[in-house]
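Student: What follows is a structure written as structure tokens; I'll ask about it next.
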Amino acid sequence: MNTSENTGEDVPFDLSKAAAAATEELLPSKSKERYEKQFQIFEDWRRLKNVTSLTEDVFLAYFAEKSSSYKASSLWSTYSMLKAVLLLKENLDISKFCKVTAYLKRKSTGYQPKKSKCLSRDQIDKFLLEAPDKEFLLMKVALIFGVSGACRCDELSRMLVDDIEDQNNVLIVHIPDSKTKKPRRFVVVDERNLATYRRYLELRPPSTPHKRLFLNYKKGKCTVQPVGLHSFGKFPSQIATYLGLPTPLEYTGHCMRRSSATLLVDAGGDITNLKRHGGWQSSSVAEGYIEESIENKLDIANKIQAGPKKRPFTNIETCPSTSSDSSEICCTEISTEIFDKKEMRPSVYGATEPPQAKASDDMENSDSEPKNALLQNENPSKCTMKTKHLHHWS
């Protein structure tokens with residue numbers, strides 16, 4: 001059923017026109033041409049095959065033919081774009097074709113997407129310290145911002161001078177327009193990084209007619225021409241070439257964003273921190289970075305191979321008590337680290353009483369035994385205390 005059948009003659013022309021304009025906006029404005037192109041390719045294929053219907057078998061045959069030249073990721077991308085356009089133009093939802101989705105899932109089995117290589121912390125530090133500013137100052141600033149904020153190449157290319165807040169010892173960078181339509185901000189610290197940024201900013205020509213932050217840089221001077229999107233995509237490869245890394249072409253424009261995520265995970269960041277840092281909405285993307293983290297694998301291996309920690313208490317028995325309100329515990333070979341580390345550090349175990357416990361009230365009053373005998377003796381042969389007081393310390 002098409003749009004004209006739905007609207008009818010009683011719908012005013014201006015309302016129909018407004019509805020048509022709203023329908024056109026349902027496609028992403030940035031990649032609308034790609035959506036239209038994929039739909040046109042499908043229509044040309046239908047004319048070539050003399051196909052007039054839009055059945056499940058038609059789409060299954062189309063994707064089966066495309067699978068001979070498309071990778072699994074390209075098949076899914078084509079499917080997504082066709083689904084959006086067909087829903088608008090033909091009022092057809094191909095997501096209900098179960099055979100088509102099952103076929104695409106089968107073709108994706110075992111597929112490993114090709115990802116950009118990452119720069120390690122040592123490699124980043126080496127480039128920032130050793131690379132000459134006369135040739136690489138622009139790349140240094142782009143690397144600092146790209147890794148600090150997990151920035152995409154288009155986010156760097158659209159970054160404005162007004163998006164940077166210089167607060168002497170820190171830079172606060174705002175990203176108002178991201179891919180996910182959610183603004184982000186990040187912070188640049190370290191005096192060396194701040195000095196590098198300020199050296200580059202001082203070279204900005206006063207006659208620059210725009211506010212784009214990154215300007216073309218050559219032989220120690222900046223021009224008024226802004227750095228293009230594809231230039232940022234080449235920076236990681238040029239950095240890898242300077243560092244003498246193997247296969248520098250595998251360091252693509254996504255390198256800085258992936259390096260930032262990897263460094264955060266290696267430092268102990270969890271999925272929540274990673275999603276907030278990079279602006280990811282999908283947890284599967286964050287889990288992919290954690291899965292590839294060497295530090296995370298080492299932590300898991302240590303937990304598995306080291307085994308559980310031994311309990312600090314040994315040979316604890318409950319003894320009858322003459323008191324009517326509580327029983328007593330007879331402890332032999334009590335470890336000095338019997339207190340919870342959240343309550344007290346081991347370095348002060350013998351010097352300070354644990355929180356929420358007072359030796360004058362809790363310990364037995366006796367001239368032969370000090371009130372804080374348990375704290376003063378590193379390995380007492382026997383000590384007596386009430387279970388309710390032990391419960392306060394645990």
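Residues are referred to by chain and number: the chain letter is A, B, ... according to the order shown in the structure tokens, the number counts from 1 in that chain, and ligands are numbered separately from 1 in the order shown.
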So that I can check the surroundings of segment 106-121 of chain A, please list as a PyMOL selection string every protein, DNA and RNA residue that reaches within 12 Å of it, counting only C-alpha atoms and ignoring chain neighbours fewer than 3 positions away.

Tutor: chain A and resi 63-64+66-68+70-76+99-103+124-128+143-144+146-148+233+236-237+239-240+243+245-264+266-267+288-289+292-294

Student: Name all residues at most 12 Å from segment 45-47 of chain A (count only C-alpha atoms; drop same-chain ones fewer than 3 positions away) and give them as a list of chain:residue names.

Tutor: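 Final neighbour list, sorted by chain and number: A:Gln38, A:Phe39, A:Gln40, A:Ile41, A:Phe42, A:Asn50, A:Val51, A:Thr52, A:Ser53, A:Leu54, A:Thr55, A:Val58, A:Phe59, A:Ala61, A:Tyr62, A:Phe63, A:Glu65, A:Lys66.
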
Student: Next, the residues of the selection above should be written as a short mmCIF file (atom, residue, chain, number, x, y, z; two decimals), in the first residue's frame with all heavy atoms.

Tutor:
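Output file part-v1.cif follows:
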```cif
data_model
loop_
_atom_site.label_atom_id
_atom_site.label_comp_id
_atom_site.auth_asym_id
_atom_site.auth_seq_id
_atom_site.Cartn_x
_atom_site.Cartn_y
_atom_site.Cartn_z
N GLN A 38 22.53 2.46 -2.67
CA GLN A 38 22.31 1.02 -2.48
C GLN A 38 20.92 0.61 -2.96
O GLN A 38 20.76 -0.47 -3.55
CB GLN A 38 22.47 0.67 -0.99
CG GLN A 38 23.90 0.62 -0.51
CD GLN A 38 24.70 -0.48 -1.21
OE1 GLN A 38 24.17 -1.49 -1.67
NE2 GLN A 38 26.00 -0.27 -1.29
N PHE A 39 19.93 1.44 -2.75
CA PHE A 39 18.59 1.14 -3.24
C PHE A 39 18.56 1.13 -4.77
O PHE A 39 17.90 0.28 -5.39
CB PHE A 39 17.60 2.16 -2.69
CG PHE A 39 16.19 1.96 -3.19
CD1 PHE A 39 15.42 0.90 -2.74
CD2 PHE A 39 15.64 2.84 -4.12
CE1 PHE A 39 14.12 0.71 -3.21
CE2 PHE A 39 14.35 2.66 -4.59
CZ PHE A 39 13.60 1.59 -4.13
N GLN A 40 19.28 2.06 -5.39
CA GLN A 40 19.32 2.10 -6.84
C GLN A 40 20.02 0.87 -7.42
O GLN A 40 19.60 0.34 -8.46
CB GLN A 40 20.03 3.39 -7.30
CG GLN A 40 19.93 3.65 -8.78
CD GLN A 40 18.49 3.80 -9.24
OE1 GLN A 40 17.69 4.49 -8.60
NE2 GLN A 40 18.14 3.14 -10.35
N ILE A 41 21.08 0.41 -6.75
CA ILE A 41 21.76 -0.81 -7.20
C ILE A 41 20.82 -2.00 -7.13
O ILE A 41 20.79 -2.85 -8.04
CB ILE A 41 23.02 -1.05 -6.34
CG1 ILE A 41 24.07 0.03 -6.60
CG2 ILE A 41 23.61 -2.43 -6.61
CD1 ILE A 41 25.28 -0.06 -5.68
N PHE A 42 20.01 -2.07 -6.08
CA PHE A 42 19.05 -3.16 -5.95
C PHE A 42 17.97 -3.07 -7.03
O PHE A 42 17.57 -4.10 -7.61
CB PHE A 42 18.41 -3.11 -4.56
CG PHE A 42 17.30 -4.09 -4.36
CD1 PHE A 42 17.57 -5.46 -4.27
CD2 PHE A 42 15.98 -3.66 -4.26
CE1 PHE A 42 16.53 -6.37 -4.09
CE2 PHE A 42 14.95 -4.56 -4.08
CZ PHE A 42 15.23 -5.92 -4.00
N ASN A 50 14.56 -9.21 -14.36
CA ASN A 50 13.13 -9.19 -14.70
C ASN A 50 12.26 -9.58 -13.50
O ASN A 50 11.33 -10.39 -13.60
CB ASN A 50 12.83 -10.13 -15.88
CG ASN A 50 13.50 -9.67 -17.16
OD1 ASN A 50 13.56 -8.46 -17.43
ND2 ASN A 50 13.98 -10.62 -17.96
N VAL A 51 12.58 -9.00 -12.35
CA VAL A 51 11.85 -9.28 -11.12
C VAL A 51 11.01 -8.06 -10.78
O VAL A 51 11.51 -6.92 -10.74
CB VAL A 51 12.82 -9.61 -9.97
CG1 VAL A 51 12.06 -9.81 -8.67
CG2 VAL A 51 13.64 -10.83 -10.30
N THR A 52 9.73 -8.29 -10.54
CA THR A 52 8.82 -7.20 -10.19
C THR A 52 8.34 -7.28 -8.74
O THR A 52 7.91 -6.26 -8.18
CB THR A 52 7.60 -7.20 -11.12
OG1 THR A 52 6.94 -8.47 -11.03
CG2 THR A 52 8.01 -6.92 -12.56
N SER A 53 8.41 -8.44 -8.14
CA SER A 53 7.92 -8.62 -6.77
C SER A 53 9.03 -8.34 -5.76
O SER A 53 10.22 -8.26 -6.10
CB SER A 53 7.40 -10.05 -6.58
OG SER A 53 8.44 -10.98 -6.79
N LEU A 54 8.61 -8.19 -4.51
CA LEU A 54 9.55 -7.96 -3.40
C LEU A 54 9.28 -9.01 -2.31
O LEU A 54 8.82 -8.71 -1.22
CB LEU A 54 9.37 -6.55 -2.83
CG LEU A 54 9.78 -5.39 -3.74
CD1 LEU A 54 9.38 -4.06 -3.12
CD2 LEU A 54 11.28 -5.41 -4.01
N THR A 55 9.59 -10.24 -2.65
CA THR A 55 9.37 -11.35 -1.73
C THR A 55 10.66 -11.72 -1.00
O THR A 55 11.76 -11.22 -1.34
CB THR A 55 8.85 -12.57 -2.48
OG1 THR A 55 9.84 -13.00 -3.43
CG2 THR A 55 7.55 -12.24 -3.22
N VAL A 58 13.33 -13.24 -3.25
CA VAL A 58 14.05 -12.26 -4.07
C VAL A 58 15.24 -11.69 -3.30
O VAL A 58 16.36 -11.61 -3.82
CB VAL A 58 13.08 -11.13 -4.52
CG1 VAL A 58 13.87 -10.00 -5.18
CG2 VAL A 58 12.03 -11.68 -5.46
N PHE A 59 15.02 -11.30 -2.07
CA PHE A 59 16.11 -10.75 -1.26
C PHE A 59 17.14 -11.82 -0.92
O PHE A 59 18.34 -11.53 -0.85
CB PHE A 59 15.54 -10.12 0.01
CG PHE A 59 14.81 -8.84 -0.22
CD1 PHE A 59 13.42 -8.84 -0.33
CD2 PHE A 59 15.49 -7.64 -0.37
CE1 PHE A 59 12.73 -7.65 -0.55
CE2 PHE A 59 14.82 -6.46 -0.58
CZ PHE A 59 13.43 -6.47 -0.69
N ALA A 61 17.98 -14.34 -2.81
CA ALA A 61 18.79 -14.52 -4.02
C ALA A 61 19.74 -13.34 -4.23
O ALA A 61 20.89 -13.52 -4.66
CB ALA A 61 17.88 -14.70 -5.23
N TYR A 62 19.27 -12.14 -3.91
CA TYR A 62 20.11 -10.95 -4.08
C TYR A 62 21.33 -10.99 -3.17
O TYR A 62 22.47 -10.77 -3.62
CB TYR A 62 19.27 -9.70 -3.81
CG TYR A 62 20.04 -8.40 -3.93
CD1 TYR A 62 20.41 -7.90 -5.17
CD2 TYR A 62 20.39 -7.67 -2.79
CE1 TYR A 62 21.11 -6.70 -5.28
CE2 TYR A 62 21.08 -6.48 -2.89
CZ TYR A 62 21.44 -6.00 -4.14
OH TYR A 62 22.14 -4.83 -4.25
N PHE A 63 21.13 -11.30 -1.89
CA PHE A 63 22.26 -11.34 -0.96
C PHE A 63 23.17 -12.55 -1.21
O PHE A 63 24.38 -12.48 -0.97
CB PHE A 63 21.75 -11.34 0.48
CG PHE A 63 21.25 -10.01 0.95
CD1 PHE A 63 19.90 -9.78 1.13
CD2 PHE A 63 22.13 -8.97 1.19
CE1 PHE A 63 19.44 -8.55 1.56
CE2 PHE A 63 21.68 -7.73 1.61
CZ PHE A 63 20.32 -7.52 1.79
N GLU A 65 23.90 -13.66 -4.14
CA GLU A 65 24.76 -13.24 -5.25
C GLU A 65 25.81 -12.24 -4.79
O GLU A 65 26.97 -12.31 -5.21
CB GLU A 65 23.89 -12.63 -6.36
CG GLU A 65 24.67 -12.21 -7.59
CD GLU A 65 23.77 -11.70 -8.69
OE1 GLU A 65 22.75 -12.34 -8.96
OE2 GLU A 65 24.10 -10.64 -9.29
N LYS A 66 25.43 -11.33 -3.89
CA LYS A 66 26.38 -10.33 -3.40
C LYS A 66 27.44 -10.95 -2.48
O LYS A 66 28.54 -10.40 -2.35
CB LYS A 66 25.64 -9.24 -2.64
CG LYS A 66 24.77 -8.35 -3.50
CD LYS A 66 25.60 -7.55 -4.48
CE LYS A 66 24.74 -6.63 -5.32
NZ LYS A 66 25.55 -5.86 -6.32
#
```

Student: Can you list every residue in segment 39-223 of chain A that DSSP puts in strand (DSSP E), as a ChimeraX atom specification?

Tutor: /A:164-166,171-175,184-188,215-218,221-223

Student: Store the residues of this selection in a file with C-alpha atoms, as a PDB file, in the first residue's frame.

Tutor:
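Writing the result to again.pdb gives the following:
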```pdb
ATOM      1  CA  ILE A 164      39.028  24.399  24.302  1.00  0.00           C
ATOM      2  CA  GLU A 165      39.120  25.821  27.825  1.00  0.00           C
ATOM      3  CA  ASP A 166      42.694  26.519  28.929  1.00  0.00           C
ATOM      4  CA  LEU A 171      42.700  21.732  29.150  1.00  0.00           C
ATOM      5  CA  ILE A 172      38.971  20.999  29.077  1.00  0.00           C
ATOM      6  CA  VAL A 173      37.927  19.977  25.570  1.00  0.00           C
ATOM      7  CA  HIS A 174      34.284  19.894  24.465  1.00  0.00           C
ATOM      8  CA  ILE A 175      32.981  17.758  21.592  1.00  0.00           C
ATOM      9  CA  ARG A 184      31.280  14.695  25.218  1.00  0.00           C
ATOM     10  CA  ARG A 185      34.183  16.348  26.916  1.00  0.00           C
ATOM     11  CA  PHE A 186      37.584  15.241  28.054  1.00  0.00           C
ATOM     12  CA  VAL A 187      40.616  16.651  29.819  1.00  0.00           C
ATOM     13  CA  VAL A 188      44.236  17.043  28.736  1.00  0.00           C
ATOM     14  CA  LEU A 215      45.401  24.271  10.566  1.00  0.00           C
ATOM     15  CA  ASN A 216      47.807  22.985   7.944  1.00  0.00           C
ATOM     16  CA  TYR A 217      51.356  23.024   9.260  1.00  0.00           C
ATOM     17  CA  LYS A 218      54.514  23.046   7.180  1.00  0.00           C
ATOM     18  CA  LYS A 221      54.459  27.585  10.170  1.00  0.00           C
ATOM     19  CA  CYS A 222      50.670  27.358  10.073  1.00  0.00           C
ATOM     20  CA  THR A 223      48.493  28.428   7.150  1.00  0.00           C
TER      21      THR A 223
END
```

Student: One number please: atom CA of Tyr197 of chain A to atom CA of Val141 of chain A, in Å, one decimal.

Tutor: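 These two atoms are separated by 5.8 Å.
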
Student: How far is it from atom CA of Leu60 of chain A to atom CA of Ser31 of chain A, in Å with one decimal?

Tutor: 25.0 Å

Student: Just the residues within 12 Å of segment 85-88 of chain A, please, counting only C-alpha atoms, with nothing from its chain fewer than 3 positions along; format it as a VMD selection string.

Tutor: chain A and resid 1 to 3 19 to 28 32 to 40 42 to 43 54 59 78 to 82 91 to 96

Student: Give me every alpha helix (DSSP H) residue in segment 88-257 of chain A, going by DSSP on the backbone, as number ranges by chain.

Tutor: A: 88-89, 98-107, 121-130, 133-149, 153-157, 191-202, 229-243, 255-257

Student: Nearest to Tyr242 of chain A: which of A:Asp14, A:Glu130, A:Asp163, A:Glu56 is it, counting only C-alpha atoms?

Tutor: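 Checking each of A:Asp14, A:Glu130, A:Asp163, A:Glu56 against Tyr242 of chain A, counting only C-alpha atoms, the winner is A:Glu130.
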